[in-house]
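This report concerns only the one structure given below.
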Amino acid sequence: MRGNNNTINFMPSKKKVSATKPSTPVQQRLWLMYPPKLIKKPFIYEVGHKFKIVTNVRQATITDEIGIVCLELDGTHGEVAKAIKWLVKQGVNVEPVEIGVIAG
């Protein structure tokens with residue numbers, strides 16, 4: 001917008017930042033890291049039955065010492081958040097997958 005004397009006035013935008021509603025559908029990829037004592041527990045099966053989500057294993061490496069799983073969760077924001085909280089409470093280390101693009 002131009003003001004007097006041909007100067008340009010910039011007004012900050014006052015957009016409302018809305019919180020994600022619990023009913024908003026989301027898809028989230030996570031890294032799950034299991035300590036040795038939890039490797040044999042069926043957490044992916046359990047989380048898919050305890051919460052209204054769909055699980056999809058994208059990648060997994062399991063040894064006697066550690067379990068590392070890339071898991072995709074589909075469901076509402078609220079159900080996915082509850083599922084993640086439950087996994088953490090069970091002793092599973094949960095981290096978001098960071099998908100980045102390498103500039104070449």
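Residue numbering restarts at 1 in every chain; chains get A, B, ... in the order shown in the structure tokens, and ligands count up from 1 in that same order.
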
Selection: 12 Å around Thr61 of chain A, only C-alpha atoms, excl. self and same-chain fewer than 2 positions, as a ChimeraX atom specification: /A:31-34,39,57-59,63-71

Residue selection dump (N, CA and C atoms) as a short mmCIF file (atom, residue, chain, number, x, y, z; two decimals), in the first residue's frame:
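Saved the output as out21.cif:
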```cif
data_model
loop_
_atom_site.label_atom_id
_atom_site.label_comp_id
_atom_site.auth_asym_id
_atom_site.auth_seq_id
_atom_site.Cartn_x
_atom_site.Cartn_y
_atom_site.Cartn_z
N TRP A 31 10.42 -42.94 13.38
CA TRP A 31 11.44 -43.94 13.67
C TRP A 31 11.16 -44.46 15.05
N LEU A 32 11.01 -45.77 15.19
CA LEU A 32 10.85 -46.42 16.48
C LEU A 32 12.14 -47.15 16.79
N MET A 33 12.69 -46.93 17.97
CA MET A 33 13.90 -47.62 18.39
C MET A 33 13.61 -48.38 19.67
N TYR A 34 13.78 -49.69 19.61
CA TYR A 34 13.48 -50.58 20.72
C TYR A 34 14.77 -50.99 21.42
N ILE A 39 12.39 -55.94 22.19
CA ILE A 39 12.40 -56.34 20.78
C ILE A 39 11.32 -57.37 20.45
N VAL A 57 4.68 -50.54 7.94
CA VAL A 57 6.13 -50.61 8.16
C VAL A 57 6.82 -50.25 6.86
N ARG A 58 7.63 -49.21 6.90
CA ARG A 58 8.33 -48.74 5.70
C ARG A 58 9.75 -49.32 5.62
N GLN A 59 10.33 -49.59 6.77
CA GLN A 59 11.69 -50.13 6.81
C GLN A 59 11.91 -50.67 8.21
N THR A 63 17.96 -56.66 15.38
CA THR A 63 19.05 -57.54 15.81
C THR A 63 18.76 -57.95 17.24
N ASP A 64 19.67 -58.70 17.84
CA ASP A 64 19.51 -59.07 19.25
C ASP A 64 19.70 -57.86 20.16
N GLU A 65 20.34 -56.82 19.65
CA GLU A 65 20.70 -55.67 20.48
C GLU A 65 19.78 -54.46 20.32
N ILE A 66 19.14 -54.33 19.15
CA ILE A 66 18.29 -53.15 18.92
C ILE A 66 17.28 -53.44 17.81
N GLY A 67 16.17 -52.78 17.89
CA GLY A 67 15.17 -52.83 16.83
C GLY A 67 14.93 -51.41 16.34
N ILE A 68 15.05 -51.20 15.03
CA ILE A 68 14.81 -49.88 14.44
C ILE A 68 13.76 -50.05 13.35
N VAL A 69 12.66 -49.33 13.48
CA VAL A 69 11.55 -49.46 12.54
C VAL A 69 11.11 -48.09 12.06
N CYS A 70 10.95 -47.95 10.75
CA CYS A 70 10.32 -46.74 10.20
C CYS A 70 8.85 -47.11 10.01
N LEU A 71 8.00 -46.45 10.77
CA LEU A 71 6.58 -46.78 10.79
C LEU A 71 5.75 -45.58 10.35
#
```

Exercise: Ala83 of chain A partners within 9 Å, only C-alpha atoms, chain neighbours under 5 positions left out, as number ranges by chain: A: 47-48, 50-53, 73, 78, 88

Any chance you can output those residues with N, CA and C atoms as a JSON list (two decimals), in the first residue's frame?
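Writing done, so here's out38.json:
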```json
[["chain", "number", "residue", "atom", "x", "y", "z"],
["A", 47, "VAL", "N", -0.50, -51.36, 18.74],
["A", 47, "VAL", "CA", -0.88, -49.97, 18.51],
["A", 47, "VAL", "C", -1.94, -49.88, 17.41],
["A", 48, "GLY", "N", -1.89, -50.79, 16.44],
["A", 48, "GLY", "CA", -2.89, -50.82, 15.38],
["A", 48, "GLY", "C", -4.26, -51.29, 15.85],
["A", 50, "LYS", "N", -5.21, -50.98, 19.38],
["A", 50, "LYS", "CA", -5.63, -50.13, 20.50],
["A", 50, "LYS", "C", -6.20, -48.79, 20.03],
["A", 51, "PHE", "N", -5.71, -48.31, 18.88],
["A", 51, "PHE", "CA", -6.09, -46.98, 18.39],
["A", 51, "PHE", "C", -6.65, -47.10, 16.98],
["A", 52, "LYS", "N", -7.47, -46.13, 16.59],
["A", 52, "LYS", "CA", -8.07, -46.14, 15.26],
["A", 52, "LYS", "C", -7.08, -45.57, 14.25],
["A", 53, "ILE", "N", -6.03, -46.35, 13.99],
["A", 53, "ILE", "CA", -5.00, -45.95, 13.04],
["A", 53, "ILE", "C", -4.65, -47.13, 12.14],
["A", 73, "LEU", "N", 2.02, -43.95, 10.30],
["A", 73, "LEU", "CA", 0.73, -44.01, 10.97],
["A", 73, "LEU", "C", -0.27, -43.14, 10.22],
["A", 78, "GLY", "N", -5.75, -36.76, 16.56],
["A", 78, "GLY", "CA", -5.90, -37.16, 17.95],
["A", 78, "GLY", "C", -5.49, -38.61, 18.19],
["A", 88, "VAL", "N", 5.63, -44.36, 23.55],
["A", 88, "VAL", "CA", 6.66, -43.78, 24.42],
["A", 88, "VAL", "C", 6.49, -44.32, 25.84]]
```

Which of segment 53-85 of chain A DSSP labels strand (DSSP E), written as a PyMOL selection string: chain A and resi 53-62+67-76

Segment 20-26 of chain A surroundings by only C-alpha atoms, 6 Å radius, close-in-sequence under 2 positions cut, as a list in words: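 Contacts, in chain order: Asp74, Gly75, Thr76, His77 and Gly78 of chain A.
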
Selection above as a file: C-alpha atoms, as a compact mmCIF listing (two decimals), in the first residue's frame:
```txt
# COMPACT_ATOMS: atom_id res chain seq x y z
CA ASP A 74 -2.51 -42.96 9.25
CA GLY A 75 -5.46 -41.72 11.25
CA THR A 76 -6.89 -38.66 12.87
CA HIS A 77 -4.49 -36.25 14.53
CA GLY A 78 -5.90 -37.16 17.95
```

Two-atom distance - atom CA of His49 of chain A, atom CA of Val97 of chain A (Å):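 Computing the Euclidean distance for atom CA of His49 of chain A and atom CA of Val97 of chain A yields 22.8 Å.
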
All alpha helix (DSSP H) positions in segment 48-87 of chain A, as a PyMOL selection string: chain A and resi 48-50+77-87

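The space between atom CA of Pro96 of chain A and atom CA of Val54 of chain A spans 16.8 Å.
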
Point-to-point distance in Å for atom CA of Pro36 of chain A and atom CA of Ala81 of chain A: 25.0 Å

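When only C-alpha atoms are used to compute distances to Leu30 of chain A, the closest of the residues A:Ile62, A:Gln90, A:Asn56, A:Glu79 turns out to be A:Asn56.
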
Shortest interatomic distance to Pro35 of chain A - which of A:Leu87, A:Val92, A:Ala60, A:Val80, counting only C-alpha atoms: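 Result for the nearest residue to Pro35 of chain A: A:Val92.
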
Pick from A:Glu72, A:Gln28, A:Trp86, A:Glu95, whichever lies nearest to Phe43 of chain A using only C-alpha atoms: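 Going through A:Glu72, A:Gln28, A:Trp86, A:Glu95 one by one, the smallest distance to Phe43 of chain A is for A:Trp86.
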